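A short write-up of the structure that comes next.
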Amino acid sequence: MERLRRVASLWSWLPAFRAVAETQHLPTASSQLFVSASALSRTIRLLEEDLGRRLFLRNGRRIELNEAGQRFLVAVRTAMRIVHEGLLAIEGTELSGPVFVSSTGLVTTAYLLPGLRRLRAEHPDLVPHLLEQSDHDVGALLLRGEIDVAVVTQPIVHPQLEKIHLGSAPSGIYCGEGHPLHGQPELTTEQVLEHAFVGLAPDEHGLTQESWPATLDRRVGMVVDQLWTGLQVCASGELLAVLPDVVASSELYRDRLHRLPVDLVPPTELFALHRSTIAESGRAEAVTHAMRLELAAQ
């Protein structure tokens, strides 16, 4: 009972702590909880006095978590998630209501959309909310609980996140009508590399979603920051492009793009990220299960 009394003494202050800790901005946190910034500040002071240590660094109007605050935020996130999952379980609503899923680009979205259709067929009470986020942002969004699942090609490693391999997405080298290689029944690697490509701009880590082999040098005639732009350039017949087969063979592009008869590009590996959960059949698990089935069926 001593543990219960200890936690009970500060339990009512935890929502205020989490709101301030997640935003590190009192006015934003106060608008989320519909209380004044001064009331939040008093609550944080009471919590720190109860704990006997500071949780935030204060510099004028700026407020940010210190090391103790960061560790406490991890514990509070976990506790609130466990309580929330327990509420869903006793209400019988684990597989109903909104589920927030992020995609990082055209490759992941091409598989995610049919996966979400499969999900809705299996669990019609679930309402998927599809968002687009960069690989760089999904970790923080998952940890804050703002998204439930992130489908990515470049997974991050974090002790509070689970990584699930969904499958492999094959890609090929494509050209549009009017390109010199269009319709060629046989080609060598050397013949392909004589022609320029439209390439994707690398991310902040120097990586792209193209999976171009590091051992092969190619000539890039144009760089674009979005895959759909590269699709348009390739379809014009001007430049070659490395494209996911699922996108290039879609109804919109299948008559405009020709896959060259060479296999130089390895498949793109797709992963799902979600927070560690207690339930084995929750919303995140339902999304990843539907995605794995969809990729296996391709």
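Ordering of the structure tokens sets the chain letters (A, B, ...); residue numbers start at 1 within each chain; ligands are numbered from 1 in the order shown.
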
Quiz prompt | Contacts of segment 51-66 of chain A at 12 Å (only C-alpha atoms; same-chain gap of 3+ positions) as JSON, numbers by chain | solution = {"A": [6, 7, 9, 10, 11, 13, 17, 18, 19, 20, 21, 22, 23, 24, 25, 26, 27, 28, 29, 37, 41, 44, 45, 46, 47, 48, 69, 70, 71, 72, 73, 74]}

Quiz item: At what distance in Å, to one decimal, does atom CA of Pro114 of chain A lie from atom CA of Val127 of chain A?
Solution: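 Result for atom CA of Val127 of chain A versus atom CA of Pro114 of chain A: 14.3 Å, one decimal.
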
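Interatomic distance, atom CA of Gly145 of chain A to atom CA of Arg275 of chain A: 8.3 Å.
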
Practice problem: Enter the distance from atom CA of Ser96 of chain A to atom CA of Ala286 of chain A, in Å, rounded to one decimal. | Solution: 10.9 Å

Exercise. For Glu162 of chain A, please output as a PyMOL selection string all residues within 9 Å (counting only C-alpha atoms; exclusion window: fewer than 4 positions along the same chain).
Key: chain A and resi 157-158+272-277

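Every protein or nucleic acid residue with an atom no more than 9 Å from Gly176 of chain A, counting only C-alpha atoms and leaving out same-chain residues fewer than 2 positions away, appears here: A:Tyr174, A:Gly178, A:His179, A:Leu181, A:His182, A:Val233, A:Cys234, A:Ala235, A:Ser236, A:Gly237, A:Glu238, A:Leu239, A:Leu240, A:Arg256, A:Leu257, A:His258, A:Arg259.
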
Go ahead and dump the residues you just picked, N, CA and C atoms, as a JSON list (two decimals), in the first residue's frame.
[["chain", "number", "residue", "atom", "x", "y", "z"],
["A", 174, "TYR", "N", 12.88, 2.12, -65.24],
["A", 174, "TYR", "CA", 11.80, 2.40, -66.18],
["A", 174, "TYR", "C", 12.17, 3.56, -67.10],
["A", 178, "GLY", "N", 9.33, 7.04, -76.23],
["A", 178, "GLY", "CA", 10.20, 8.03, -76.86],
["A", 178, "GLY", "C", 11.63, 7.95, -76.38],
["A", 179, "HIS", "N", 11.87, 7.26, -75.28],
["A", 179, "HIS", "CA", 13.24, 7.07, -74.82],
["A", 179, "HIS", "C", 13.94, 6.04, -75.71],
["A", 181, "LEU", "N", 15.68, 3.53, -75.15],
["A", 181, "LEU", "CA", 15.64, 2.15, -74.67],
["A", 181, "LEU", "C", 14.22, 1.58, -74.59],
["A", 182, "HIS", "N", 13.24, 2.38, -74.94],
["A", 182, "HIS", "CA", 11.84, 1.93, -74.85],
["A", 182, "HIS", "C", 11.60, 0.76, -75.80],
["A", 233, "VAL", "N", 8.70, 12.95, -64.92],
["A", 233, "VAL", "CA", 9.88, 13.16, -65.77],
["A", 233, "VAL", "C", 10.18, 11.89, -66.57],
["A", 234, "CYS", "N", 10.13, 10.75, -65.90],
["A", 234, "CYS", "CA", 10.41, 9.47, -66.58],
["A", 234, "CYS", "C", 9.37, 9.20, -67.65],
["A", 235, "ALA", "N", 8.10, 9.41, -67.34],
["A", 235, "ALA", "CA", 7.03, 9.13, -68.29],
["A", 235, "ALA", "C", 7.13, 10.00, -69.54],
["A", 236, "SER", "N", 7.80, 11.15, -69.43],
["A", 236, "SER", "CA", 7.96, 12.02, -70.60],
["A", 236, "SER", "C", 8.91, 11.44, -71.63],
["A", 237, "GLY", "N", 9.68, 10.41, -71.24],
["A", 237, "GLY", "CA", 10.63, 9.79, -72.16],
["A", 237, "GLY", "C", 12.00, 10.41, -72.15],
["A", 238, "GLU", "N", 12.21, 11.38, -71.26],
["A", 238, "GLU", "CA", 13.49, 12.10, -71.27],
["A", 238, "GLU", "C", 14.58, 11.35, -70.51],
["A", 239, "LEU", "N", 14.25, 10.84, -69.31],
["A", 239, "LEU", "CA", 15.25, 10.23, -68.45],
["A", 239, "LEU", "C", 14.76, 8.89, -67.91],
["A", 240, "LEU", "N", 15.71, 8.03, -67.55],
["A", 240, "LEU", "CA", 15.39, 6.79, -66.86],
["A", 240, "LEU", "C", 15.09, 7.09, -65.39],
["A", 256, "ARG", "N", 2.19, 4.16, -69.67],
["A", 256, "ARG", "CA", 3.12, 5.25, -69.96],
["A", 256, "ARG", "C", 4.57, 4.90, -69.63],
["A", 257, "LEU", "N", 4.77, 3.80, -68.90],
["A", 257, "LEU", "CA", 6.11, 3.44, -68.46],
["A", 257, "LEU", "C", 6.47, 2.04, -68.92],
["A", 258, "HIS", "N", 7.73, 1.86, -69.28],
["A", 258, "HIS", "CA", 8.24, 0.57, -69.75],
["A", 258, "HIS", "C", 9.36, 0.13, -68.82],
["A", 259, "ARG", "N", 9.25, -1.09, -68.29],
["A", 259, "ARG", "CA", 10.29, -1.63, -67.40],
["A", 259, "ARG", "C", 11.40, -2.25, -68.24]]

Self-check item: segment 213-230 of chain A surroundings by only C-alpha atoms, 10 Å radius, close-in-sequence under 2 positions cut, as an NGL selection string
Solution: :A and (105-107 or 189 or 192-203 or 208-211 or 232-236 or 238-244 or 247 or 264-266)

Quiz item: With only C-alpha atoms as the atoms that count, which of A:Glu91, A:Ala296, A:Val151, A:Asp50 lies nearest to Ala8 of chain A?
Solution: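 Closest candidate: A:Asp50.
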
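Take the candidates A:Leu33, A:Leu4, A:Val287, A:Ile90 and check each one against Ile164 of chain A using only C-alpha atoms; the shortest distance goes to A:Val287.
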
Quiz item: Would you give me, as a PyMOL selection string, the residues in segment 77-188 of chain A that DSSP reads as strand (DSSP E)?
Solution: chain A and resi 97-103+126-132+149-152+161-169+171-176
